[in-house]
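Read through the structure below, which is laid out as structure tokens, and then see the notes.
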Amino acid sequence: MLGLPDHVTACLFDLDGVLTQTAKVHAAAWKETFDDYLRRRAQERHEELRPFDEVADYDAYVDGKPRYDGVRSFLASRGIELPEGSPSDSARADTVDGLGNRKNELVLKLIHDQGVQPYEGSVHYVHAARDAGIPRAVVSSSANCRDVLRAAGIEGLFDAVIDGIVAEREGLRGKPAPDTFLAGARALGFEPHVAAVFEDALAGVAAGRAGGFGFVVGVDRAGQRDALLAHGADIVVADLAELL
């Protein structure tokens, strides 16, 4: 009834773009963060401004990755090197951590101002998994994961949460490394080969495949079905309700 192979007995869900409609919020925050920096850099160096693309750059360099990894990845794509800084850096500092902190400030403001909406199809699916007795975990690179779950009213639907805070505390590598999904499986008490991963990000799908998980579901919210399959998805759906 869940559209999963018979051997799958646990479910690991990404947050942004799979459970909640926050991917657009993240993309907007990244764009404002990077464009502000790129604009100042272009003016100082008398260069042409190449703004951050909320679709192409977001999908390729930051989607699904821990915040500071996303900063490094995008800047590297433009041939830009900045000092690392530290997590305590001001959100106005032109460092990797400073830009990451600026993005986080903007995300929190947008979530506060706009609220968080879950995907109804995903909520129905998670309810169905719970009713079928399938253990469920959320695996997200976001340090704000629990706040988003509470704001969306779905925190109580999950048995475990592996987020950016857990990843930092336990030294887990971010997606596309499989570390956080493997931690999610351990938290539920299951081996990877009997767990399904649900992801909309290319890096997240790659993490599911790299971790040897029993089934990887790609959720196509941005017209990238072929890319999700190429990165290791066993199946691609536009909405989790399609699996019911």
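For the structure tokens, the naming scheme is as follows: chains receive sequential letters (A, B, ...) according to their order of presentation, residues are indexed from 1 within each chain, and ligands are indexed from 1 in presentation order.
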Would you please give, as a PyMOL selection string, all residues of range 56-185 of chain A that DSSP assigns to strand (DSSP E) based on the backbone?
-> chain A and resi 136-139+160-162
For the residues in that selection, give me all heavy atoms as a short mmCIF file (atom, residue, chain, number, x, y, z; two decimals), in the first residue's frame.
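Written output follows (result_30.cif):
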```cif
data_model
loop_
_atom_site.label_atom_id
_atom_site.label_comp_id
_atom_site.auth_asym_id
_atom_site.auth_seq_id
_atom_site.Cartn_x
_atom_site.Cartn_y
_atom_site.Cartn_z
N ARG A 136 9.64 5.88 11.16
CA ARG A 136 9.90 7.02 10.28
C ARG A 136 10.88 7.99 10.93
O ARG A 136 10.76 8.30 12.12
CB ARG A 136 8.59 7.78 9.99
CG ARG A 136 7.52 6.88 9.41
CD ARG A 136 6.11 7.34 9.74
NE ARG A 136 5.88 7.73 11.11
CZ ARG A 136 5.74 6.86 12.12
NH1 ARG A 136 5.79 5.56 11.90
NH2 ARG A 136 5.53 7.30 13.35
N ALA A 137 11.82 8.51 10.13
CA ALA A 137 12.76 9.51 10.61
C ALA A 137 12.86 10.63 9.58
O ALA A 137 12.65 10.42 8.39
CB ALA A 137 14.14 8.91 10.85
N VAL A 138 13.16 11.82 10.06
CA VAL A 138 13.48 12.96 9.20
C VAL A 138 15.00 13.11 9.20
O VAL A 138 15.64 13.09 10.25
CB VAL A 138 12.84 14.26 9.71
CG1 VAL A 138 13.25 15.44 8.84
CG2 VAL A 138 11.32 14.13 9.72
N VAL A 139 15.58 13.26 8.00
CA VAL A 139 17.02 13.45 7.87
C VAL A 139 17.25 14.71 7.05
O VAL A 139 16.94 14.76 5.86
CB VAL A 139 17.68 12.25 7.18
CG1 VAL A 139 19.18 12.49 7.02
CG2 VAL A 139 17.42 10.97 7.98
N ALA A 160 12.28 9.78 14.92
CA ALA A 160 13.64 10.29 15.12
C ALA A 160 13.89 11.45 14.16
O ALA A 160 13.26 11.53 13.10
CB ALA A 160 14.67 9.19 14.88
N VAL A 161 14.79 12.34 14.56
CA VAL A 161 15.18 13.47 13.72
C VAL A 161 16.70 13.57 13.72
O VAL A 161 17.33 13.68 14.77
CB VAL A 161 14.58 14.80 14.23
CG1 VAL A 161 15.13 15.98 13.43
CG2 VAL A 161 13.06 14.77 14.16
N ILE A 162 17.28 13.49 12.53
CA ILE A 162 18.72 13.73 12.35
C ILE A 162 18.84 15.03 11.58
O ILE A 162 18.45 15.11 10.41
CB ILE A 162 19.39 12.59 11.56
CG1 ILE A 162 19.15 11.24 12.23
CG2 ILE A 162 20.89 12.87 11.42
CD1 ILE A 162 19.73 11.12 13.62
#
```
Just the residues within 12 Å of Leu12 in chain A, please, counting only C-alpha atoms, with nothing from its chain fewer than 2 positions along; format it as number ranges by chain.
-> A: 8-10, 14-15, 18-19, 126, 129, 134-140, 158-162, 178, 180-188, 190-192, 194-199, 204-205, 207-208, 213-217
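The interatomic distance for the pair CA of Ser141 in chain A and CA of Val62 in chain A works out to 10.8 Å.
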So which residues touch range 39-56 of chain A within 9 Å, counting only C-alpha atoms, skipping near sequence neighbours fewer than 3 positions away, as an MDAnalysis selection string?
-> chainID A and resid 24 27:28 30:32 34:36 59:61 74 222
Just-selected residues, N, CA, C and O atoms written as a short mmCIF file (atom, residue, chain, number, x, y, z; two decimals), in the first residue's frame:
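As a result, again12.cif now contains:
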```
data_model
loop_
_atom_site.label_atom_id
_atom_site.label_comp_id
_atom_site.auth_asym_id
_atom_site.auth_seq_id
_atom_site.Cartn_x
_atom_site.Cartn_y
_atom_site.Cartn_z
N LYS A 24 11.68 26.70 -1.70
CA LYS A 24 11.65 28.03 -2.32
C LYS A 24 12.13 29.10 -1.35
O LYS A 24 12.75 30.08 -1.76
N ALA A 27 15.87 28.84 -1.37
CA ALA A 27 16.41 29.39 -2.61
C ALA A 27 16.40 30.91 -2.59
O ALA A 27 17.36 31.56 -3.01
N ALA A 28 15.32 31.49 -2.08
CA ALA A 28 15.23 32.95 -2.00
C ALA A 28 16.28 33.52 -1.05
O ALA A 28 16.88 34.57 -1.32
N TRP A 30 19.18 32.10 -0.22
CA TRP A 30 20.49 31.96 -0.86
C TRP A 30 20.70 33.06 -1.88
O TRP A 30 21.79 33.66 -1.97
N LYS A 31 19.68 33.33 -2.68
CA LYS A 31 19.82 34.35 -3.73
C LYS A 31 20.11 35.72 -3.13
O LYS A 31 21.02 36.43 -3.60
N GLU A 32 19.37 36.11 -2.11
CA GLU A 32 19.61 37.42 -1.50
C GLU A 32 21.01 37.48 -0.90
O GLU A 32 21.71 38.49 -1.03
N PHE A 34 23.82 35.62 -1.68
CA PHE A 34 24.88 35.62 -2.68
C PHE A 34 24.85 36.87 -3.56
O PHE A 34 25.90 37.43 -3.89
N ASP A 35 23.65 37.31 -3.96
CA ASP A 35 23.59 38.48 -4.84
C ASP A 35 24.11 39.73 -4.15
O ASP A 35 24.75 40.58 -4.79
N ASP A 36 23.85 39.86 -2.87
CA ASP A 36 24.39 41.01 -2.15
C ASP A 36 25.92 40.98 -2.17
O ASP A 36 26.57 42.00 -2.46
N ASP A 59 20.08 24.11 -7.48
CA ASP A 59 20.09 22.65 -7.65
C ASP A 59 21.50 22.09 -7.68
O ASP A 59 21.78 21.03 -7.11
N ALA A 60 22.41 22.79 -8.35
CA ALA A 60 23.75 22.25 -8.57
C ALA A 60 24.67 22.39 -7.36
O ALA A 60 25.51 21.52 -7.12
N TYR A 61 24.52 23.47 -6.59
CA TYR A 61 25.56 23.79 -5.61
C TYR A 61 25.12 23.82 -4.15
O TYR A 61 25.96 23.62 -3.27
N PHE A 74 29.12 26.88 -4.07
CA PHE A 74 28.74 27.92 -5.02
C PHE A 74 29.91 28.85 -5.32
O PHE A 74 30.16 29.19 -6.48
N ALA A 222 11.05 20.10 -9.26
CA ALA A 222 11.65 21.16 -10.08
C ALA A 222 11.96 20.71 -11.50
O ALA A 222 12.85 21.25 -12.15
#
```
May I have the residues within 12 Å of Glu242 in chain A as a list in words, using only C-alpha atoms and disregarding those fewer than 2 positions away in the same chain?
-> Met1, Leu2, Gly3, Leu4, Glu120, Gly121, Ser122, His124, Tyr125, Val217, Val219, Asp220, Ile235, Val236, Val237, Ala238, Asp239, Leu240 and Leu244 of chain A
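Straight-line separation from CA of Leu82 in chain A to CA of Lys103 in chain A: 15.9 Å.
Of the listed residues A:Arg146, A:Arg72, A:His231, A:Arg102, the one whose atoms come nearest to Asp163 in chain A is A:Arg146, with distances taken using only C-alpha atoms.
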Nearest to Leu157 in chain A among A:Tyr37, A:Tyr58, A:Tyr68, A:Phe13, with distances taken over only C-alpha atoms: which residue is it?
-> A:Phe13
Hey, what's within 12 Å of Asn101 in chain A if we count only C-alpha atoms and toss same-chain stuff fewer than 4 positions away? As a ChimeraX atom specification, please?
-> /A:29-30,33-34,66-68,70-71,85-97,105-108,143
Could you write those residues out with C-alpha atoms, as a PDB file, in the first residue's frame?
```
ATOM      1  CA  ALA A  29      17.487  33.306   1.045  1.00  0.00           C
ATOM      2  CA  TRP A  30      20.488  31.965  -0.856  1.00  0.00           C
ATOM      3  CA  THR A  33      22.762  36.351   0.364  1.00  0.00           C
ATOM      4  CA  PHE A  34      24.882  35.621  -2.683  1.00  0.00           C
ATOM      5  CA  PRO A  66      24.891  21.736   4.937  1.00  0.00           C
ATOM      6  CA  ARG A  67      24.884  25.529   4.908  1.00  0.00           C
ATOM      7  CA  TYR A  68      28.631  26.193   4.895  1.00  0.00           C
ATOM      8  CA  GLY A  70      26.708  25.156   0.094  1.00  0.00           C
ATOM      9  CA  VAL A  71      28.596  28.442   0.384  1.00  0.00           C
ATOM     10  CA  GLY A  85      35.932  32.340   9.294  1.00  0.00           C
ATOM     11  CA  SER A  86      34.138  30.677  12.209  1.00  0.00           C
ATOM     12  CA  PRO A  87      30.513  29.854  13.100  1.00  0.00           C
ATOM     13  CA  SER A  88      30.494  32.880  15.415  1.00  0.00           C
ATOM     14  CA  ASP A  89      31.173  35.285  12.514  1.00  0.00           C
ATOM     15  CA  SER A  90      28.833  38.202  11.986  1.00  0.00           C
ATOM     16  CA  ALA A  91      26.250  37.701   9.253  1.00  0.00           C
ATOM     17  CA  ARG A  92      27.882  40.750   7.604  1.00  0.00           C
ATOM     18  CA  ALA A  93      31.343  39.164   7.414  1.00  0.00           C
ATOM     19  CA  ASP A  94      32.672  38.244   3.976  1.00  0.00           C
ATOM     20  CA  THR A  95      33.728  34.767   5.045  1.00  0.00           C
ATOM     21  CA  VAL A  96      32.290  31.335   4.275  1.00  0.00           C
ATOM     22  CA  ASP A  97      30.721  31.170   7.720  1.00  0.00           C
ATOM     23  CA  GLU A 105      19.128  34.787   9.336  1.00  0.00           C
ATOM     24  CA  LEU A 106      17.142  35.328   6.144  1.00  0.00           C
ATOM     25  CA  VAL A 107      15.610  31.828   6.219  1.00  0.00           C
ATOM     26  CA  LEU A 108      14.446  32.267   9.806  1.00  0.00           C
ATOM     27  CA  ALA A 143      19.908  23.196  11.876  1.00  0.00           C
TER      28      ALA A 143
END
```
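Take the candidates A:Ala241, A:Pro5, A:Glu81, A:Gly174 and check each one against Ala128 in chain A using only C-alpha atoms; the shortest distance goes to A:Ala241.
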